[in-house]
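A.B. asks: File work-v4.cif below, mmCIF, C-alpha atoms:
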```
data_structure
loop_
_atom_site.group_PDB
_atom_site.id
_atom_site.type_symbol
_atom_site.label_atom_id
_atom_site.label_comp_id
_atom_site.auth_asym_id
_atom_site.auth_seq_id
_atom_site.Cartn_x
_atom_site.Cartn_y
_atom_site.Cartn_z
ATOM 1 C CA MET X 29 0.000 0.000 0.000
ATOM 2 C CA TYR X 30 2.915 2.338 0.511
ATOM 3 C CA LYS X 31 3.685 2.328 -3.160
ATOM 4 C CA TYR X 32 0.224 3.631 -3.942
ATOM 5 C CA LEU X 33 0.584 6.445 -1.450
ATOM 6 C CA ILE X 34 3.659 7.773 -3.230
ATOM 7 C CA ILE X 35 1.423 9.059 -6.011
ATOM 8 C CA SER X 36 -0.676 11.014 -3.550
ATOM 9 C CA ILE X 37 2.318 12.448 -1.701
ATOM 10 C CA PHE X 38 4.169 13.394 -4.861
ATOM 11 C CA LEU X 39 1.156 15.110 -6.424
ATOM 12 C CA PHE X 40 0.539 17.096 -3.252
ATOM 13 C CA LEU X 41 4.132 18.222 -2.968
ATOM 14 C CA ILE X 42 4.441 19.161 -6.636
ATOM 15 C CA SER X 43 1.305 21.316 -6.415
ATOM 16 C CA LEU X 44 2.521 22.906 -3.173
ATOM 17 C CA TRP X 45 5.793 23.689 -4.863
ATOM 18 C CA GLY X 46 3.903 25.055 -7.847
ATOM 19 C CA ILE X 47 2.173 27.587 -5.627
ATOM 20 C CA PHE X 48 5.525 28.785 -4.314
ATOM 21 C CA LEU X 49 7.131 28.988 -7.738
ATOM 22 C CA THR X 50 4.454 30.610 -9.804
ATOM 23 C CA ARG X 51 3.200 33.298 -7.513
ATOM 24 C CA LYS X 52 2.855 35.624 -10.446
ATOM 25 C CA ASN X 53 0.389 33.502 -12.353
ATOM 26 C CA PHE X 54 -3.009 33.154 -10.766
ATOM 27 C CA ILE X 55 -4.206 30.408 -13.100
ATOM 28 C CA ILE X 56 -1.361 28.077 -12.161
ATOM 29 C CA ILE X 57 -2.180 28.652 -8.490
ATOM 30 C CA LEU X 58 -5.807 27.676 -9.095
ATOM 31 C CA MET X 59 -4.717 24.588 -10.992
ATOM 32 C CA SER X 60 -2.315 23.648 -8.202
ATOM 33 C CA ILE X 61 -5.138 23.894 -5.679
ATOM 34 C CA GLU X 62 -7.209 21.542 -7.826
ATOM 35 C CA MET X 63 -4.311 19.106 -8.009
ATOM 36 C CA MET X 64 -3.859 19.226 -4.251
ATOM 37 C CA LEU X 65 -7.507 18.330 -3.754
ATOM 38 C CA LEU X 66 -7.104 15.527 -6.296
ATOM 39 C CA SER X 67 -4.140 14.117 -4.380
ATOM 40 C CA ILE X 68 -6.130 14.130 -1.155
ATOM 41 C CA ASN X 69 -8.939 12.361 -2.984
ATOM 42 C CA ILE X 70 -6.525 9.661 -4.123
ATOM 43 C CA ASN X 71 -5.291 9.349 -0.553
ATOM 44 C CA PHE X 72 -8.798 8.873 0.830
ATOM 45 C CA ILE X 73 -9.667 6.288 -1.791
ATOM 46 C CA ILE X 74 -6.466 4.299 -1.270
ATOM 47 C CA PHE X 75 -7.144 4.126 2.448
ATOM 48 C CA SER X 76 -10.752 3.196 1.836
ATOM 49 C CA ILE X 77 -9.538 0.232 -0.209
ATOM 50 C CA ASN X 78 -7.000 -0.714 2.428
ATOM 51 C CA MET X 79 -9.393 -0.617 5.348
ATOM 52 C CA ASP X 80 -12.397 -1.958 3.419
ATOM 53 C CA ASP X 81 -14.565 0.971 4.465
ATOM 54 C CA ILE X 82 -16.799 2.826 2.023
ATOM 55 C CA ILE X 83 -16.761 6.059 4.022
ATOM 56 C CA GLY X 84 -13.475 7.086 2.387
ATOM 57 C CA GLN X 85 -15.044 7.047 -1.043
ATOM 58 C CA ILE X 86 -18.116 8.953 0.161
ATOM 59 C CA PHE X 87 -15.914 11.650 1.623
ATOM 60 C CA ALA X 88 -13.951 11.781 -1.629
ATOM 61 C CA LEU X 89 -17.261 12.407 -3.416
ATOM 62 C CA PHE X 90 -17.914 15.406 -1.177
ATOM 63 C CA ILE X 91 -14.402 16.695 -1.735
ATOM 64 C CA ILE X 92 -15.060 16.657 -5.485
ATOM 65 C CA THR X 93 -18.204 18.740 -4.905
ATOM 66 C CA VAL X 94 -16.365 21.316 -2.835
ATOM 67 C CA ALA X 95 -13.487 21.449 -5.324
ATOM 68 C CA ALA X 96 -15.840 22.186 -8.196
ATOM 69 C CA GLY X 97 -17.565 24.973 -6.266
ATOM 70 C CA GLU X 98 -14.320 26.511 -5.117
ATOM 71 C CA SER X 99 -12.797 26.494 -8.587
ATOM 72 C CA ALA X 100 -15.857 28.287 -9.948
ATOM 73 C CA LEU X 101 -15.509 31.019 -7.327
ATOM 74 C CA GLY X 102 -11.748 31.282 -7.807
ATOM 75 C CA LEU X 103 -12.131 31.720 -11.537
ATOM 76 C CA ALA X 104 -14.794 34.399 -10.990
ATOM 77 C CA LEU X 105 -12.308 36.287 -8.818
ATOM 78 C CA LEU X 106 -9.695 35.897 -11.543
ATOM 79 C CA VAL X 107 -12.089 37.334 -14.127
ATOM 80 C CA ILE X 108 -12.851 40.349 -11.927
ATOM 81 C CA TYR X 109 -9.181 40.961 -11.239
ATOM 82 C CA TYR X 110 -8.375 40.805 -14.933
ATOM 83 C CA ARG X 111 -11.133 43.291 -15.692
ATOM 84 C CA ILE X 112 -9.773 45.791 -13.228
ATOM 85 C CA LYS X 113 -6.074 45.374 -13.807
ATOM 86 C CA GLY X 114 -5.614 43.903 -17.236
ATOM 87 C CA ILE X 115 -3.014 41.410 -16.005
ATOM 88 C CA ILE X 116 -3.132 38.192 -14.035
ATOM 89 C CA SER X 117 -0.105 38.712 -11.861
ATOM 90 C CA ILE X 118 -1.502 38.768 -8.361
ATOM 91 C CA ASP X 119 1.059 40.908 -6.644
ATOM 92 C CA PHE X 120 -1.484 43.690 -6.272
ATOM 93 C CA ILE X 121 -4.554 41.697 -5.418
ATOM 94 C CA SER X 122 -5.037 43.613 -2.166
ATOM 95 C CA ASN X 123 -6.158 46.555 -4.254
ATOM 96 C CA ILE X 124 -9.558 45.017 -4.919
ATOM 97 C CA LYS X 125 -10.480 44.669 -1.244
ATOM 98 C CA GLY X 126 -13.447 46.516 0.193
ATOM 99 C CA MET Q 29 14.726 -7.587 -7.620
ATOM 100 C CA PHE Q 30 13.771 -4.414 -9.403
ATOM 101 C CA LEU Q 31 12.793 -6.461 -12.418
ATOM 102 C CA ASN Q 32 10.494 -8.439 -10.150
ATOM 103 C CA PHE Q 33 8.883 -5.226 -8.964
ATOM 104 C CA ILE Q 34 8.439 -4.051 -12.537
ATOM 105 C CA TYR Q 35 6.871 -7.320 -13.650
ATOM 106 C CA ASN Q 36 4.401 -7.353 -10.808
ATOM 107 C CA ASN Q 37 3.324 -3.712 -10.985
ATOM 108 C CA PHE Q 38 3.652 -2.917 -14.653
ATOM 109 C CA ILE Q 39 0.354 -1.106 -15.139
ATOM 110 C CA PHE Q 40 0.752 0.802 -11.898
ATOM 111 C CA ILE Q 41 4.191 2.030 -13.011
ATOM 112 C CA ILE Q 42 2.847 3.256 -16.339
ATOM 113 C CA ILE Q 43 -0.047 5.146 -14.729
ATOM 114 C CA SER Q 44 2.133 6.680 -12.045
ATOM 115 C CA PHE Q 45 4.612 7.789 -14.699
ATOM 116 C CA PHE Q 46 1.806 9.627 -16.486
ATOM 117 C CA ILE Q 47 0.725 11.307 -13.268
ATOM 118 C CA PHE Q 48 4.254 12.389 -12.332
ATOM 119 C CA PHE Q 49 5.069 13.658 -15.782
ATOM 120 C CA SER Q 50 1.853 15.642 -16.290
ATOM 121 C CA SER Q 51 1.879 17.200 -12.838
ATOM 122 C CA ILE Q 52 5.342 18.638 -13.466
ATOM 123 C CA LEU Q 53 4.150 19.896 -16.835
ATOM 124 C CA VAL Q 54 1.176 21.687 -15.229
ATOM 125 C CA ILE Q 55 3.339 24.010 -13.206
ATOM 126 C CA GLY Q 56 6.141 24.318 -15.709
ATOM 127 C CA CYS Q 57 4.545 25.364 -18.986
ATOM 128 C CA LYS Q 58 4.730 28.882 -20.294
ATOM 129 C CA ASN Q 59 1.554 28.609 -22.277
ATOM 130 C CA PRO Q 60 -1.499 28.251 -20.010
ATOM 131 C CA ILE Q 61 -3.288 26.063 -22.543
ATOM 132 C CA HIS Q 62 -0.499 23.487 -22.245
ATOM 133 C CA SER Q 63 -0.882 23.584 -18.479
ATOM 134 C CA ILE Q 64 -4.597 22.890 -18.733
ATOM 135 C CA LEU Q 65 -4.018 20.007 -21.131
ATOM 136 C CA SER Q 66 -1.536 18.506 -18.697
ATOM 137 C CA LEU Q 67 -4.082 18.990 -15.916
ATOM 138 C CA ILE Q 68 -6.615 17.021 -17.968
ATOM 139 C CA LEU Q 69 -4.002 14.304 -18.374
ATOM 140 C CA VAL Q 70 -3.483 14.194 -14.600
ATOM 141 C CA PHE Q 71 -7.223 13.836 -14.037
ATOM 142 C CA CYS Q 72 -7.599 11.088 -16.640
ATOM 143 C CA SER Q 73 -4.576 9.140 -15.344
ATOM 144 C CA SER Q 74 -5.807 9.236 -11.771
ATOM 145 C CA SER Q 75 -9.221 8.132 -12.977
ATOM 146 C CA ILE Q 76 -7.643 5.151 -14.747
ATOM 147 C CA PHE Q 77 -5.671 4.440 -11.581
ATOM 148 C CA PHE Q 78 -8.912 3.775 -9.738
ATOM 149 C CA LEU Q 79 -9.974 1.169 -12.262
ATOM 150 C CA ILE Q 80 -7.286 -1.169 -10.956
ATOM 151 C CA PHE Q 81 -9.171 -1.426 -7.669
ATOM 152 C CA ASP Q 82 -12.659 -2.023 -9.081
ATOM 153 C CA ILE Q 83 -13.817 1.478 -8.145
ATOM 154 C CA GLU Q 84 -15.523 2.059 -11.460
ATOM 155 C CA PHE Q 85 -18.149 4.563 -10.253
ATOM 156 C CA LEU Q 86 -15.684 7.032 -8.770
ATOM 157 C CA ALA Q 87 -13.386 6.709 -11.768
ATOM 158 C CA LEU Q 88 -16.158 7.764 -14.127
ATOM 159 C CA ILE Q 89 -17.366 10.471 -11.747
ATOM 160 C CA PHE Q 90 -13.836 11.901 -11.742
ATOM 161 C CA ILE Q 91 -13.891 12.140 -15.504
ATOM 162 C CA VAL Q 92 -17.366 13.688 -15.585
ATOM 163 C CA VAL Q 93 -16.797 16.265 -12.848
ATOM 164 C CA TYR Q 94 -13.089 17.051 -13.023
ATOM 165 C CA VAL Q 95 -12.499 16.891 -16.766
ATOM 166 C CA GLY Q 96 -16.008 17.714 -17.916
ATOM 167 C CA ALA Q 97 -16.764 20.605 -15.582
ATOM 168 C CA ILE Q 98 -13.663 22.024 -13.933
ATOM 169 C CA SER Q 99 -11.219 21.782 -16.843
ATOM 170 C CA VAL Q 100 -13.811 23.161 -19.239
ATOM 171 C CA LEU Q 101 -14.341 26.070 -16.812
ATOM 172 C CA PHE Q 102 -10.607 26.772 -16.844
ATOM 173 C CA LEU Q 103 -10.526 26.638 -20.625
ATOM 174 C CA PHE Q 104 -13.424 29.070 -20.949
ATOM 175 C CA VAL Q 105 -11.787 31.561 -18.619
ATOM 176 C CA ILE Q 106 -8.458 31.385 -20.436
ATOM 177 C CA MET Q 107 -10.255 31.760 -23.727
ATOM 178 C CA MET Q 108 -11.946 34.920 -22.489
ATOM 179 C CA LEU Q 109 -8.956 36.530 -20.886
ATOM 180 C CA ASN Q 110 -6.549 36.902 -23.832
ATOM 181 C CA ILE Q 111 -3.423 35.975 -21.930
ATOM 182 C CA LYS Q 112 -0.071 36.170 -23.616
ATOM 183 C CA MET Q 113 2.807 33.834 -22.911
ATOM 184 C CA ILE Q 114 4.037 34.399 -19.397
ATOM 185 C CA GLU Q 115 7.577 34.186 -18.138
ATOM 186 C CA ILE Q 116 8.064 31.868 -15.205
ATOM 187 C CA ASN Q 117 9.464 33.629 -12.228
ATOM 188 C CA GLU Q 118 12.586 31.700 -11.304
ATOM 189 C CA ASN Q 119 12.033 31.419 -7.582
ATOM 190 C CA LEU Q 120 13.570 27.950 -7.458
ATOM 191 C CA ILE Q 121 16.593 28.699 -5.345
ATOM 192 C CA LYS Q 122 14.835 31.212 -3.158
ATOM 193 C CA TYR Q 123 12.050 28.924 -2.017
ATOM 194 C CA LEU Q 124 13.913 25.636 -2.009
ATOM 195 C CA PRO Q 125 14.937 25.594 1.685
ATOM 196 C CA ILE Q 126 11.447 26.317 2.988
ATOM 197 C CA SER Q 127 9.723 23.911 0.625
ATOM 198 C CA SER Q 128 12.167 21.116 1.419
ATOM 199 C CA PHE Q 129 11.582 21.768 5.118
ATOM 200 C CA ILE Q 130 7.828 21.370 4.613
ATOM 201 C CA PHE Q 131 8.479 18.273 2.532
ATOM 202 C CA PHE Q 132 10.526 16.672 5.294
ATOM 203 C CA ILE Q 133 7.907 17.476 7.902
ATOM 204 C CA PHE Q 134 5.286 15.854 5.713
ATOM 205 C CA CYS Q 135 7.393 12.735 5.151
ATOM 206 C CA PHE Q 136 8.172 12.510 8.827
ATOM 207 C CA GLU Q 137 4.484 12.631 9.715
ATOM 208 C CA ILE Q 138 3.670 9.853 7.291
ATOM 209 C CA TYR Q 139 6.541 7.734 8.536
ATOM 210 C CA PHE Q 140 5.447 8.364 12.102
ATOM 211 C CA ILE Q 141 1.957 7.075 11.368
ATOM 212 C CA PHE Q 142 3.158 3.976 9.620
ATOM 213 C CA SER Q 143 5.816 3.076 12.175
ATOM 214 C CA LYS Q 144 3.315 2.603 14.962
ATOM 215 C CA ASN Q 145 1.794 -0.803 15.450
ATOM 216 C CA ILE Q 146 -1.895 -0.795 14.603
ATOM 217 C CA PHE Q 147 -3.843 -3.302 16.675
ATOM 218 C CA PHE Q 148 -7.096 -4.676 15.349
ATOM 219 C CA LEU Q 149 -9.907 -6.017 17.478
ATOM 220 C CA GLU Q 150 -9.891 -9.793 17.828
ATOM 221 C CA ILE Q 151 -13.263 -11.357 17.064
ATOM 222 C CA ASN Q 152 -14.102 -14.552 19.008
ATOM 223 C CA PHE Q 153 -15.547 -17.122 16.673
ATOM 224 C CA ILE Q 154 -17.867 -18.830 19.168
ATOM 225 C CA ASN Q 155 -20.703 -19.412 16.739
ATOM 226 C CA TYR Q 156 -20.540 -21.213 13.486
ATOM 227 C CA ILE Q 157 -20.472 -18.668 10.652
ATOM 228 C CA ASP Q 158 -21.959 -19.677 7.332
ATOM 229 C CA TRP Q 159 -19.693 -17.732 4.996
ATOM 230 C CA LEU Q 160 -21.713 -18.521 1.905
ATOM 231 C CA GLN Q 161 -24.611 -16.531 3.285
ATOM 232 C CA LEU Q 162 -22.388 -13.580 4.011
ATOM 233 C CA ILE Q 163 -20.947 -13.181 0.525
ATOM 234 C CA ASN Q 164 -22.819 -10.311 -1.005
ATOM 235 C CA LYS Q 165 -21.154 -8.935 -4.072
ATOM 236 C CA LYS Q 166 -22.269 -5.430 -4.810
ATOM 237 C CA THR Q 167 -20.984 -2.928 -7.300
ATOM 238 C CA ASN Q 168 -19.249 0.249 -6.191
ATOM 239 C CA MET Q 169 -22.277 2.388 -7.009
ATOM 240 C CA GLU Q 170 -24.593 0.224 -4.890
ATOM 241 C CA ASN Q 171 -22.201 0.394 -1.960
ATOM 242 C CA ILE Q 172 -21.983 4.151 -2.057
ATOM 243 C CA GLY Q 173 -25.733 4.497 -2.533
ATOM 244 C CA GLU Q 174 -26.568 2.298 0.438
ATOM 245 C CA ILE Q 175 -24.583 4.484 2.817
ATOM 246 C CA LEU Q 176 -24.878 7.922 1.249
ATOM 247 C CA TYR Q 177 -28.650 8.178 1.025
ATOM 248 C CA THR Q 178 -29.449 6.577 4.396
ATOM 249 C CA TYR Q 179 -26.842 7.389 7.005
ATOM 250 C CA PHE Q 180 -25.394 10.514 5.470
ATOM 251 C CA PHE Q 181 -28.356 12.087 3.727
ATOM 252 C CA GLN Q 182 -27.813 15.382 5.588
ATOM 253 C CA LEU Q 183 -24.357 15.726 4.046
ATOM 254 C CA PHE Q 184 -25.822 14.973 0.654
ATOM 255 C CA LEU Q 185 -28.358 17.798 0.987
ATOM 256 C CA LEU Q 186 -25.699 20.141 2.339
ATOM 257 C CA SER Q 187 -23.514 19.516 -0.690
ATOM 258 C CA SER Q 188 -26.383 20.670 -2.868
ATOM 259 C CA LEU Q 189 -26.400 23.930 -0.898
ATOM 260 C CA ILE Q 190 -22.669 24.262 -1.495
ATOM 261 C CA LEU Q 191 -23.223 23.933 -5.212
ATOM 262 C CA LEU Q 192 -25.988 26.525 -5.060
ATOM 263 C CA VAL Q 193 -23.669 29.019 -3.391
ATOM 264 C CA ALA Q 194 -20.959 28.208 -5.922
ATOM 265 C CA MET Q 195 -23.429 29.024 -8.667
ATOM 266 C CA ILE Q 196 -24.747 32.273 -7.202
ATOM 267 C CA GLY Q 197 -21.303 33.553 -6.212
ATOM 268 C CA PRO Q 198 -19.698 33.926 -9.636
ATOM 269 C CA ILE Q 199 -22.896 35.337 -11.105
ATOM 270 C CA VAL Q 200 -23.027 38.061 -8.467
ATOM 271 C CA LEU Q 201 -19.327 38.754 -8.779
ATOM 272 C CA THR Q 202 -19.088 39.036 -12.531
ATOM 273 C CA LEU Q 203 -22.440 40.439 -13.603
ATOM 274 C CA THR Q 204 -22.153 44.190 -13.967
ATOM 275 C CA ASN Q 205 -24.749 45.009 -16.579
ATOM 276 C CA ASN Q 206 -27.596 45.936 -14.264
ATOM 277 C CA ILE Q 207 -25.773 48.028 -11.698
ATOM 278 C CA LYS Q 208 -26.890 51.629 -11.789
ATOM 279 C CA ASN Q 209 -23.876 53.475 -10.435
ATOM 280 C CA ASN Q 210 -21.369 51.341 -12.267
ATOM 281 C CA LYS Q 211 -18.159 53.342 -12.147
ATOM 282 C CA ARG Q 212 -16.280 51.749 -14.992
ATOM 283 C CA GLN Q 213 -14.493 53.306 -17.923
ATOM 284 C CA ASN Q 214 -16.096 52.887 -21.277
ATOM 285 C CA ILE Q 215 -13.011 53.197 -23.443
ATOM 286 C CA PHE Q 216 -14.905 53.391 -26.719
ATOM 287 C CA ASP Q 217 -16.838 56.433 -25.511
ATOM 288 C CA GLN Q 218 -13.687 58.107 -24.281
ATOM 289 C CA ILE Q 219 -11.769 57.619 -27.482
ATOM 290 C CA SER Q 220 -14.604 58.493 -29.814
ATOM 291 C CA LYS Q 221 -15.235 61.931 -28.353
ATOM 292 C CA SER Q 222 -14.500 64.595 -30.877
ATOM 293 C CA TYR Q 223 -13.115 68.068 -30.362
ATOM 294 C CA ASN Q 224 -15.771 69.846 -32.415
ATOM 295 C CA LEU Q 225 -18.744 68.618 -30.455
ATOM 296 C CA ASN Q 226 -17.395 68.986 -26.945
ATOM 297 C CA LEU Q 227 -15.449 72.204 -26.761
ATOM 298 C CA LYS Q 228 -16.995 75.612 -27.252
ATOM 299 C CA LYS Q 229 -15.112 78.772 -27.895
ATOM 300 C CA LYS Q 230 -16.290 81.603 -25.685
ATOM 301 C CA ASN Q 231 -15.228 85.169 -25.742
ATOM 302 C CA VAL Q 232 -14.789 86.526 -22.273
#
```
Using structure tokens, write down the structure that the file contains.
C.D. replies:
Amino acid sequence: MYKYLIISIFLFLISLWGIFLTRKNFIIILMSIEMMLLSININFIIFSINMDDIIGQIFALFIITVAAGESALGLALLVIYYRIKGIISIDFISNIKG
Amino acid sequence: MFLNFIYNNFIFIIISFFIFFSSILVIGCKNPIHSILSLILVFCSSSIFFLIFDIEFLALIFIVVYVGAISVLFLFVIMMLNIKMIEINENLIKYLPISSFIFFIFCFEIYFIFSKNIFFLEINFINYIDWLQLINKKTNMENIGEILYTYFFQLFLLSSLILLVAMIGPIVLTLTNNIKNNKRQNIFDQISKSYNLNLKKKNV
């Protein structure tokens, strides 16, 4: 079972690293968040297979729901920011507060 | 010994290679369209990965929701935004110590969990158990349905509320046609103003 968990760990760490690296590109950050949620999904499902319990897969189903909703909202924020600024580099995203 | 590992886990190695390769491509492409295509490849490979374990329902749900909804959403936004090719900010060396520190903490936590002995409850087989009666082969969808709609129906209804909020939120955020005091620049109006119509010469 450890060899299956390496996928989940590696995907999580690569997306975490992607958020550090590409702080100037908002779309890559949103995609990295989606990949992090995907890695956690894989983790839940692997453990649900290992422990023979269906609750892991049910929770993974809810995580998919939340990920879809959160990506919709994140992309709406990106669209607003692009309308105001004309760029997608989020160094100045505190300007749209209030 | 490594050949033995490869022979036993051949399909798993191919799928994990796809996942590793595409996830690095997601964060490393200059063109955002290439990143989204690699993201779709990550989703499809992880969906195929679940087919090894007979979890066919969740594999197909991953393709429907992740590829069919979320990736299409990303593609629409990138299509609308007119983004040029972006230079990657080379923060590799600057963030490497902190990220490797987080990585080691993560690995240590996982090792810590797996190094403990996990004791399972011992069941006393006093009665005679007729195993043939207990075999009940259900598909993955039936298993999820038996638990989700009976014991966890509240969570199911709550997730519908989450989706409702996720629908209303972007509409409220991005719809600006009906706002009365909309203080935005209309560039076409600004540029198309002419000197003759707007300035009057007055003798004082």
A.B. asks: Enumerate as a count of residues only the residues belonging to chain Q that approach chain X to within 6 Å, with all atoms listed in the file taken into account.
C.D. replies: 5
A.B. asks: Using the chain letters and numbers from this file, what does the PyMOL selection byres ((chain Q and resi 93-100) around 8) select? Give the answer as a JSON list (two decimals) with C-alpha atoms, in the coordinates of the input.
C.D. replies:
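Dumped to selection-v2.json:
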```
[["chain", "number", "residue", "atom", "x", "y", "z"],
["X", 92, "ILE", "CA", -15.06, 16.66, -5.48],
["X", 96, "ALA", "CA", -15.84, 22.19, -8.20],
["X", 99, "SER", "CA", -12.80, 26.49, -8.59],
["X", 100, "ALA", "CA", -15.86, 28.29, -9.95],
["Q", 64, "ILE", "CA", -4.60, 22.89, -18.73],
["Q", 67, "LEU", "CA", -4.08, 18.99, -15.92],
["Q", 68, "ILE", "CA", -6.62, 17.02, -17.97],
["Q", 71, "PHE", "CA", -7.22, 13.84, -14.04],
["Q", 72, "CYS", "CA", -7.60, 11.09, -16.64],
["Q", 89, "ILE", "CA", -17.37, 10.47, -11.75],
["Q", 90, "PHE", "CA", -13.84, 11.90, -11.74],
["Q", 91, "ILE", "CA", -13.89, 12.14, -15.50],
["Q", 92, "VAL", "CA", -17.37, 13.69, -15.58],
["Q", 101, "LEU", "CA", -14.34, 26.07, -16.81],
["Q", 102, "PHE", "CA", -10.61, 26.77, -16.84],
["Q", 103, "LEU", "CA", -10.53, 26.64, -20.62],
["Q", 104, "PHE", "CA", -13.42, 29.07, -20.95]]
```
A.B. asks: Calculate how many Å separate CA of Leu109 in chain Q from CA of Thr202 in chain Q, rounding to one decimal.
C.D. replies: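 Calculated distance between CA of Leu109 in chain Q and CA of Thr202 in chain Q is 13.4 Å.
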A.B. asks: Go ahead and compute the interatomic distance for CA of Ser76 in chain X and CA of Val193 in chain Q, in Å to one decimal.
C.D. replies: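 Straight-line distance from CA of Ser76 in chain X to CA of Val193 in chain Q works out to 29.3 Å.
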A.B. asks: From the options Q:Leu201, Q:Ser127, Q:Ile34, Q:Ser220, which residue's atoms come nearest to Tyr109 in chain X, counting all atoms listed in the file?
C.D. replies: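 So, comparing all the options, the nearest one is Q:Leu201.
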A.B. asks: Any idea what the distance is between CA of Phe142 in chain Q and CA of Ser73 in chain Q?
C.D. replies: 26.6 Å
